[in-house]
file target35.csv (CSV, C-alpha atoms)
chain,number,residue,atom,x,y,z
H,826,MET,CA,220.1,-147.0,177.1
H,827,LYS,CA,222.2,-149.8,175.6
H,828,LEU,CA,219.0,-151.4,174.2
H,829,LEU,CA,218.2,-148.3,172.3
H,830,ARG,CA,221.7,-148.1,171.0
H,831,ASP,CA,221.7,-151.7,169.7
H,832,LEU,CA,218.2,-151.4,168.1
H,833,THR,CA,218.5,-151.0,164.4
H,834,LEU,CA,214.9,-151.9,163.5
H,835,GLY,CA,213.6,-148.6,162.2
H,836,LEU,CA,217.1,-147.1,161.5
H,837,TYR,CA,217.8,-145.9,158.0
H,838,LEU,CA,221.3,-146.3,156.5
H,839,PRO,CA,221.6,-144.1,153.4
H,840,GLY,CA,223.3,-145.8,150.4
H,841,SER,CA,223.4,-146.1,146.6
H,842,SER,CA,223.0,-149.8,146.3
H,843,ALA,CA,220.4,-151.6,144.0
H,844,VAL,CA,218.3,-152.4,147.1
H,845,HIS,CA,218.2,-148.8,148.1
H,846,ALA,CA,217.1,-147.8,144.6
H,847,LEU,CA,214.2,-150.2,144.5
H,848,ASP,CA,210.7,-148.8,144.6
H,849,PRO,CA,209.6,-148.8,148.2
H,850,ARG,CA,206.3,-150.5,147.3
H,851,ALA,CA,208.2,-153.4,145.8
H,852,LYS,CA,210.5,-153.6,148.8
H,853,LEU,CA,207.6,-153.6,151.2
H,854,GLY,CA,205.8,-156.3,149.2
H,855,ALA,CA,208.9,-158.4,148.9
H,856,CYS,CA,209.5,-158.1,152.7
H,857,VAL,CA,205.9,-159.3,153.4
H,858,LEU,CA,206.3,-162.3,151.1
H,859,ALA,CA,209.7,-163.2,152.6
H,860,MET,CA,208.3,-162.9,156.1
H,861,ALA,CA,205.3,-165.0,155.2
H,862,ALA,CA,207.8,-167.7,153.9
H,863,THR,CA,209.8,-167.4,157.1
H,864,LEU,CA,206.9,-167.7,159.4
H,865,SER,CA,205.2,-170.5,157.5
H,866,PRO,CA,203.7,-173.0,160.0
H,867,GLY,CA,205.0,-176.5,160.7
H,868,THR,CA,208.8,-176.7,160.7
H,869,ALA,CA,211.7,-174.3,160.3
H,870,TRP,CA,211.7,-174.9,156.5
H,871,GLY,CA,210.6,-171.3,156.0
H,872,ALA,CA,213.6,-169.9,157.8
H,873,VAL,CA,216.0,-172.2,155.9
H,874,TRP,CA,214.6,-171.3,152.5
H,875,SER,CA,214.6,-167.6,153.5
H,876,TRP,CA,218.3,-167.5,154.5
H,877,PRO,CA,219.7,-167.4,151.0
H,878,LEU,CA,217.3,-164.5,150.1
H,879,LEU,CA,218.3,-162.6,153.2
H,880,ALA,CA,222.0,-163.2,152.5
H,881,LEU,CA,221.5,-162.0,148.9
H,882,GLY,CA,219.7,-158.8,150.1
H,883,LEU,CA,222.5,-158.1,152.6
H,884,ALA,CA,225.2,-158.6,150.0
H,885,VAL,CA,223.5,-156.4,147.4
H,886,SER,CA,222.5,-153.7,149.8
H,887,ARG,CA,226.1,-153.5,151.2
H,888,VAL,CA,224.7,-153.2,154.8
H,889,PRO,CA,227.6,-153.9,157.2
H,890,LEU,CA,227.1,-157.4,158.7
H,891,SER,CA,228.1,-156.1,162.2
H,892,LEU,CA,225.4,-153.5,162.1
H,893,PHE,CA,222.8,-156.1,160.9
H,894,LEU,CA,223.8,-158.6,163.7
H,895,ARG,CA,223.8,-155.8,166.3
H,896,GLY,CA,220.1,-155.3,165.5
H,897,LEU,CA,219.3,-158.8,166.6
H,898,ARG,CA,220.9,-158.4,170.0
H,899,PRO,CA,217.9,-156.7,171.7
H,900,PHE,CA,215.7,-159.7,170.7
H,901,VAL,CA,218.0,-162.4,172.2
H,902,TRP,CA,215.8,-162.5,175.4
H,903,LEU,CA,212.8,-163.2,173.2
H,904,PHE,CA,214.6,-166.0,171.4
H,905,GLY,CA,215.8,-167.5,174.7
H,906,PHE,CA,212.3,-167.2,176.2
H,907,THR,CA,210.8,-168.9,173.1
H,908,VAL,CA,213.2,-171.9,173.4
H,909,LEU,CA,212.6,-172.2,177.2
H,910,LEU,CA,208.8,-172.0,176.8
H,911,HIS,CA,208.7,-174.7,174.1
H,912,GLY,CA,211.1,-176.8,176.1
H,913,LEU,CA,208.8,-176.8,179.1
H,914,ALA,CA,205.5,-177.1,177.3
H,915,THR,CA,206.3,-179.7,174.6
H,916,PRO,CA,206.1,-183.4,175.7
H,917,GLY,CA,208.9,-185.7,174.8
H,918,GLN,CA,212.2,-187.1,176.1
H,919,GLU,CA,213.0,-185.2,179.3
H,920,LEU,CA,216.6,-183.9,179.5
H,921,LEU,CA,216.3,-181.8,182.7
H,922,ALA,CA,213.7,-182.1,185.4
H,923,LEU,CA,212.5,-179.0,187.1
H,924,PRO,CA,210.3,-180.3,190.0
H,925,TRP,CA,209.7,-176.9,191.6
H,926,ILE,CA,207.6,-175.9,188.5
H,927,GLY,CA,206.2,-179.4,187.9
H,928,ALA,CA,207.7,-179.7,184.4
H,929,GLY,CA,211.0,-180.4,182.6
H,930,LEU,CA,212.9,-179.5,179.5
H,931,THR,CA,212.4,-182.0,176.7
H,932,ARG,CA,214.5,-182.7,173.7
H,933,GLU,CA,211.6,-182.2,171.3
H,934,GLY,CA,210.6,-179.0,173.0
H,935,LEU,CA,214.1,-177.5,172.7
H,936,ALA,CA,214.3,-178.5,169.0
H,937,GLN,CA,210.9,-176.9,168.3
H,938,GLY,CA,211.8,-173.8,170.3
H,939,GLY,CA,215.0,-173.4,168.4
H,940,ALA,CA,213.2,-173.7,165.1
H,941,VAL,CA,210.6,-171.0,166.1
H,942,SER,CA,213.4,-168.8,167.3
H,943,ALA,CA,215.2,-169.2,164.0
H,944,GLN,CA,212.0,-168.1,162.2
H,945,LEU,CA,211.6,-165.1,164.5
H,946,ALA,CA,215.2,-164.1,164.0
H,947,THR,CA,214.9,-164.3,160.2
H,948,ALA,CA,211.7,-162.3,160.2
H,949,VAL,CA,213.3,-159.6,162.3
H,950,GLY,CA,216.3,-159.7,159.9
H,951,PHE,CA,214.0,-159.0,156.9
H,952,SER,CA,212.3,-156.2,158.8
H,953,SER,CA,215.7,-154.6,159.7
H,954,LEU,CA,216.9,-154.9,156.1
H,955,LEU,CA,213.8,-153.1,154.9
H,956,THR,CA,214.2,-150.2,157.3
H,957,LEU,CA,217.9,-150.0,156.8
H,958,THR,CA,217.5,-149.5,153.1
H,959,THR,CA,214.3,-147.5,153.0
H,960,SER,CA,213.9,-144.0,154.4
H,961,PRO,CA,210.9,-143.4,156.7
H,962,THR,CA,209.4,-141.0,154.1
H,963,ASP,CA,209.6,-143.5,151.3
H,964,LEU,CA,208.2,-146.3,153.5
H,965,VAL,CA,205.2,-144.2,154.6
H,966,TRP,CA,204.8,-143.1,150.9
H,967,ALA,CA,204.6,-146.8,149.9
H,968,LEU,CA,202.0,-147.6,152.6
H,969,ASP,CA,200.0,-144.6,151.5
H,970,ARG,CA,200.0,-145.8,147.8
H,971,LEU,CA,199.3,-149.4,148.7
H,972,GLY,CA,196.5,-148.4,151.0
H,973,SER,CA,194.9,-145.9,148.6
H,974,PRO,CA,191.9,-148.3,147.7
H,975,LEU,CA,190.8,-148.1,151.3
H,976,ARG,CA,190.1,-144.4,150.8
H,977,ARG,CA,186.9,-145.4,148.9
H,978,LEU,CA,185.7,-147.0,152.1
H,979,GLY,CA,186.3,-143.8,154.1
H,980,VAL,CA,189.5,-145.0,155.8
H,981,PRO,CA,191.8,-142.0,156.4
H,982,VAL,CA,194.9,-143.7,155.0
H,983,GLY,CA,196.8,-140.5,154.6
H,984,ASP,CA,196.4,-139.5,158.2
H,985,PHE,CA,197.4,-142.9,159.4
H,986,CYS,CA,200.6,-142.7,157.2
H,987,VAL,CA,201.5,-139.3,158.5
H,988,THR,CA,201.1,-140.5,162.1
H,989,ALA,CA,203.3,-143.5,161.4
H,990,LEU,CA,205.9,-141.3,159.8
H,991,LEU,CA,206.0,-139.0,162.9
H,992,ALA,CA,206.2,-142.0,165.2
H,993,ILE,CA,209.2,-143.4,163.2
H,994,ARG,CA,210.9,-140.0,163.2
H,995,PHE,CA,210.5,-139.8,167.0
H,996,PHE,CA,212.7,-142.9,167.6
H,997,PRO,CA,216.0,-141.1,166.9
H,998,ILE,CA,214.7,-138.1,168.9
H,999,LEU,CA,213.9,-140.3,171.8
H,1000,TYR,CA,217.3,-141.9,171.7
H,1001,GLU,CA,219.0,-138.5,171.4
H,1002,GLU,CA,217.1,-137.1,174.4
H,1003,ALA,CA,217.8,-140.2,176.5
H,1004,GLU,CA,221.5,-140.0,175.7
H,1005,ARG,CA,221.6,-136.4,176.7
H,1006,LEU,CA,219.8,-136.9,179.9
H,1007,THR,CA,222.0,-140.0,180.7
H,1008,LEU,CA,225.2,-137.9,180.3
H,1009,ALA,CA,223.6,-135.2,182.6
H,1010,LEU,CA,223.0,-137.8,185.2
H,1011,LYS,CA,226.5,-139.2,184.9
H,1012,ALA,CA,227.9,-135.7,185.4
H,1013,ARG,CA,226.0,-135.6,188.7
H,1014,GLY,CA,227.4,-138.9,189.8
H,1015,ILE,CA,224.5,-141.2,188.8
H,1016,ASP,CA,225.1,-143.9,186.3
H,1017,PRO,CA,221.8,-145.6,185.2
H,1018,GLY,CA,223.7,-148.6,183.8
H,1019,GLU,CA,225.5,-149.6,187.0
H,1020,GLY,CA,224.4,-151.8,189.9
H,1021,GLY,CA,221.8,-154.5,190.2
H,1022,ALA,CA,218.4,-154.6,188.6
H,1023,MET,CA,216.7,-152.7,191.4
H,1024,VAL,CA,219.5,-150.1,191.5
H,1025,ARG,CA,219.3,-149.6,187.7
H,1026,ALA,CA,215.5,-149.3,187.9
H,1027,ARG,CA,215.8,-146.6,190.6
H,1028,ASN,CA,218.4,-144.7,188.7
H,1029,VAL,CA,216.3,-144.7,185.5
H,1030,LEU,CA,213.4,-143.0,187.3
H,1031,PRO,CA,215.0,-139.5,187.2
H,1032,LEU,CA,215.2,-139.9,183.4
H,1033,LEU,CA,211.5,-140.4,182.8
H,1034,VAL,CA,209.9,-137.1,183.7
H,1035,PRO,CA,212.4,-134.9,181.8
H,1036,LEU,CA,212.4,-137.4,178.9
H,1037,PHE,CA,208.6,-137.3,178.5
H,1038,ARG,CA,208.6,-133.5,179.0
H,1039,GLN,CA,211.1,-133.1,176.1
H,1040,VAL,CA,209.1,-135.5,173.9
H,1041,PHE,CA,205.8,-133.7,174.4
H,1042,HIS,CA,207.6,-130.4,173.8
H,1043,ARG,CA,209.0,-131.7,170.5
H,1044,ALA,CA,205.6,-133.1,169.5
H,1045,GLU,CA,204.0,-129.6,170.1
H,1046,THR,CA,206.7,-127.9,168.1
H,1047,ILE,CA,206.2,-130.3,165.1
H,1048,ALA,CA,202.4,-129.8,165.3
H,1049,LEU,CA,202.9,-126.0,165.1
H,1050,ALA,CA,205.4,-126.3,162.3
H,1051,MET,CA,203.0,-128.5,160.3
H,1052,GLU,CA,200.1,-126.1,160.9
H,1053,MET,CA,202.1,-123.1,159.8
H,1054,ARG,CA,203.2,-124.8,156.6
H,1055,GLY,CA,199.6,-125.4,155.6
H,1056,TYR,CA,199.0,-129.0,156.6
H,1057,ARG,CA,195.4,-129.9,156.8
H,1058,PRO,CA,194.3,-133.5,157.5
H,1059,ASP,CA,191.2,-133.3,155.4
H,1060,ARG,CA,192.9,-132.0,152.2
H,1061,PRO,CA,194.1,-134.3,149.5
H,1062,ARG,CA,197.9,-134.2,149.0
H,1063,THR,CA,200.0,-135.0,145.9
H,1064,SER,CA,203.5,-136.4,145.7
H,1065,TRP,CA,206.5,-134.7,144.0
H,1066,ARG,CA,208.2,-138.0,143.3
H,1067,ALA,CA,207.5,-140.1,140.2
H,1068,ARG,CA,208.2,-143.8,140.6
H,1069,GLY,CA,207.6,-146.9,138.6
H,1070,LEU,CA,208.0,-150.7,138.8
H,1071,GLY,CA,210.7,-152.1,136.6
H,1072,ALA,CA,212.8,-155.2,136.1
H,1073,SER,CA,214.6,-154.9,139.4
H,1074,GLU,CA,211.3,-154.6,141.3
H,1075,ALA,CA,209.9,-157.6,139.4
H,1076,ALA,CA,213.1,-159.6,140.3
H,1077,ALA,CA,212.8,-158.8,144.0
H,1078,LEU,CA,209.1,-159.7,144.1
H,1079,GLY,CA,209.7,-162.8,142.0
H,1080,LEU,CA,212.5,-164.1,144.3
H,1081,SER,CA,210.4,-163.5,147.4
H,1082,ALA,CA,207.4,-165.3,145.8
H,1083,LEU,CA,209.7,-168.3,144.9
H,1084,THR,CA,210.9,-168.4,148.4
H,1085,LEU,CA,207.4,-168.4,149.7
H,1086,GLY,CA,206.4,-171.2,147.3
H,1087,ALA,CA,209.5,-173.3,148.3
H,1088,ALA,CA,208.7,-172.8,152.0
H,1089,LEU,CA,205.2,-174.0,151.5
H,1090,PHE,CA,205.4,-176.8,149.0
H,1091,VAL,CA,208.9,-178.3,149.3
H,1092,PRO,CA,208.2,-179.7,152.8
H,1093,LEU,CA,205.0,-181.3,151.5
H,1094,LEU,CA,207.0,-183.0,148.6
H,1095,VAL,CA,209.8,-184.2,150.9
H,1096,LEU,CA,208.0,-185.0,154.1
H,1097,GLY,CA,204.5,-185.7,152.7
H,1098,PRO,CA,201.2,-184.2,153.9
call {"tool": "encode", "arguments": {"input": "target35.csv", "output": "structure tokens"}}
result
Amino acid sequence: MKLLRDLTLGLYLPGSSAVHALDPRAKLGACVLAMAATLSPGTAWGAVWSWPLLALGLAVSRVPLSLFLRGLRPFVWLFGFTVLLHGLATPGQELLALPWIGAGLTREGLAQGGAVSAQLATAVGFSSLLTLTTSPTDLVWALDRLGSPLRRLGVPVGDFCVTALLAIRFFPILYEEAERLTLALKARGIDPGEGGAMVRARNVLPLLVPLFRQVFHRAETIALAMEMRGYRPDRPRTSWRARGLGASEAAALGLSALTLGAALFVPLLVLGP
């Protein structure tokens, strides 16, 4: 359950900062541009150019740095696996021979793996900043507005957005039920977090059946509540909120676009094609 506790991707932190007040469409677009800059192919230049933008967003949003860094903790295994995989698969100067797998760790591979891990960590950071400063309702509203042209092609954008909103809302419900069931097991003398890997896996099994039962029960309750409030998937829906794109939104999109341009073209000017 510690993984769920540390995961901040998808968690919303209410606030009154300038980042919180931005139009969610602009925040989503800026996040996409920043992640495109971060994951630009080649070297780690994208991550390097994205760090000032990420630091600026954290400072303006007033998101606690400890909370932000805690959200990266569940992905440490992914970063470590990326470094190890590149270290084994990339040819170069061998630093450590591993004869039982017929390969070895190379200096060039570890450097490339570290660069890719930095890119992944920065991309996760931008995603966390977006969800920490944007409520699920606003985020789905932005997706619905940005995807509205697809309605002319017959794509049920509204239904997809409602499904995404319900899925996001179920994360805290899932965490709450898991915590409650874990406390019930501890009261009976079973701690899912103790022991070796096999012991922990065996202790988690009693959580799964009641957890899924509670989740399905919550899903049925939500479906009945939506039906009784008049929700119909085939009916057009309006929005009660009026939003607009102003100078702050233009600045956020402009900074993200400049970051993308720097990540793509500065390495070509410095290192050549």
call {"tool": "atom_distance", "arguments": {"input": "target35.csv", "atom1": "atom CA of H:Tyr1000", "atom2": "atom CA of H:Ala843"}}
result
29.5 Å
call {"tool": "residues_around", "arguments": {"input": "target35.csv", "residues": "H:Leu954", "least_positions_apart": "2", "cutoff": "12 Å", "atoms": "all atoms listed in the file", "output": "ChimeraX atom specification"}}
result
/H:833-838,844-845,852-853,855-856,859-860,878-890,892-894,896-897,947-952,956-960
call {"tool": "write_last_selection", "arguments": {"input": "target35.csv", "atoms": "C-alpha atoms", "output": "compact mmCIF listing (two decimals), in the frame of the given file"}}
result
# COMPACT_ATOMS: atom_id res chain seq x y z
CA THR H 833 218.50 -151.00 164.40
CA LEU H 834 214.90 -151.90 163.50
CA GLY H 835 213.60 -148.60 162.20
CA LEU H 836 217.10 -147.10 161.50
CA TYR H 837 217.80 -145.90 158.00
CA LEU H 838 221.30 -146.30 156.50
CA VAL H 844 218.30 -152.40 147.10
CA HIS H 845 218.20 -148.80 148.10
CA LYS H 852 210.50 -153.60 148.80
CA LEU H 853 207.60 -153.60 151.20
CA ALA H 855 208.90 -158.40 148.90
CA CYS H 856 209.50 -158.10 152.70
CA ALA H 859 209.70 -163.20 152.60
CA MET H 860 208.30 -162.90 156.10
CA LEU H 878 217.30 -164.50 150.10
CA LEU H 879 218.30 -162.60 153.20
CA ALA H 880 222.00 -163.20 152.50
CA LEU H 881 221.50 -162.00 148.90
CA GLY H 882 219.70 -158.80 150.10
CA LEU H 883 222.50 -158.10 152.60
CA ALA H 884 225.20 -158.60 150.00
CA VAL H 885 223.50 -156.40 147.40
CA SER H 886 222.50 -153.70 149.80
CA ARG H 887 226.10 -153.50 151.20
CA VAL H 888 224.70 -153.20 154.80
CA PRO H 889 227.60 -153.90 157.20
CA LEU H 890 227.10 -157.40 158.70
CA LEU H 892 225.40 -153.50 162.10
CA PHE H 893 222.80 -156.10 160.90
CA LEU H 894 223.80 -158.60 163.70
CA GLY H 896 220.10 -155.30 165.50
CA LEU H 897 219.30 -158.80 166.60
CA THR H 947 214.90 -164.30 160.20
CA ALA H 948 211.70 -162.30 160.20
CA VAL H 949 213.30 -159.60 162.30
CA GLY H 950 216.30 -159.70 159.90
CA PHE H 951 214.00 -159.00 156.90
CA SER H 952 212.30 -156.20 158.80
CA THR H 956 214.20 -150.20 157.30
CA LEU H 957 217.90 -150.00 156.80
CA THR H 958 217.50 -149.50 153.10
CA THR H 959 214.30 -147.50 153.00
CA SER H 960 213.90 -144.00 154.40
call {"tool": "closest_residue", "arguments": {"input": "target35.csv", "among": "H:Ala1076, H:Ala1048, H:Ala1082, H:Leu1036", "to": "H:Thr988", "atoms": "all atoms listed in the file"}}
result
H:Ala1048
call {"tool": "atom_distance", "arguments": {"input": "target35.csv", "atom1": "atom CA of H:Leu1080", "atom2": "atom CA of H:Trp876"}}
result
12.2 Å
call {"tool": "closest_residue", "arguments": {"input": "target35.csv", "among": "H:Leu864, H:Glu1002, H:Gly1014, H:Asp963", "to": "H:Val1034", "atoms": "all atoms listed in the file"}}
result
H:Glu1002
call {"tool": "atom_distance", "arguments": {"input": "target35.csv", "atom1": "atom CA of H:Cys986", "atom2": "atom CA of H:Leu971"}}
result
10.9 Å
call {"tool": "closest_residue", "arguments": {"input": "target35.csv", "among": "H:Leu1078, H:Val1040, H:Ala989, H:Ala946", "to": "H:Leu964", "atoms": "only C-alpha atoms"}}
result
H:Ala989
call {"tool": "residues_near_point", "arguments": {"input": "target35.csv", "point": "(210.2, -167.1, 147.0)", "cutoff": "10 Å", "atoms": "only C-alpha atoms", "output": "ChimeraX atom specification"}}
result
/H:855,858-859,861-862,871,874-875,878,1077-1089
call {"tool": "closest_residue", "arguments": {"input": "target35.csv", "among": "H:Glu1045, H:Ser953, H:Arg970, H:Pro1035", "to": "H:Arg895", "atoms": "all atoms listed in the file"}}
result
H:Ser953
call {"tool": "closest_residue", "arguments": {"input": "target35.csv", "among": "H:Leu1010, H:Val908, H:Ala1075, H:Val965", "to": "H:Ala940", "atoms": "all atoms listed in the file"}}
result
H:Val908
call {"tool": "closest_residue", "arguments": {"input": "target35.csv", "among": "H:Gln918, H:Ser942, H:Ser973, H:Ser1073", "to": "H:Leu903", "atoms": "all atoms listed in the file"}}
result
H:Ser942
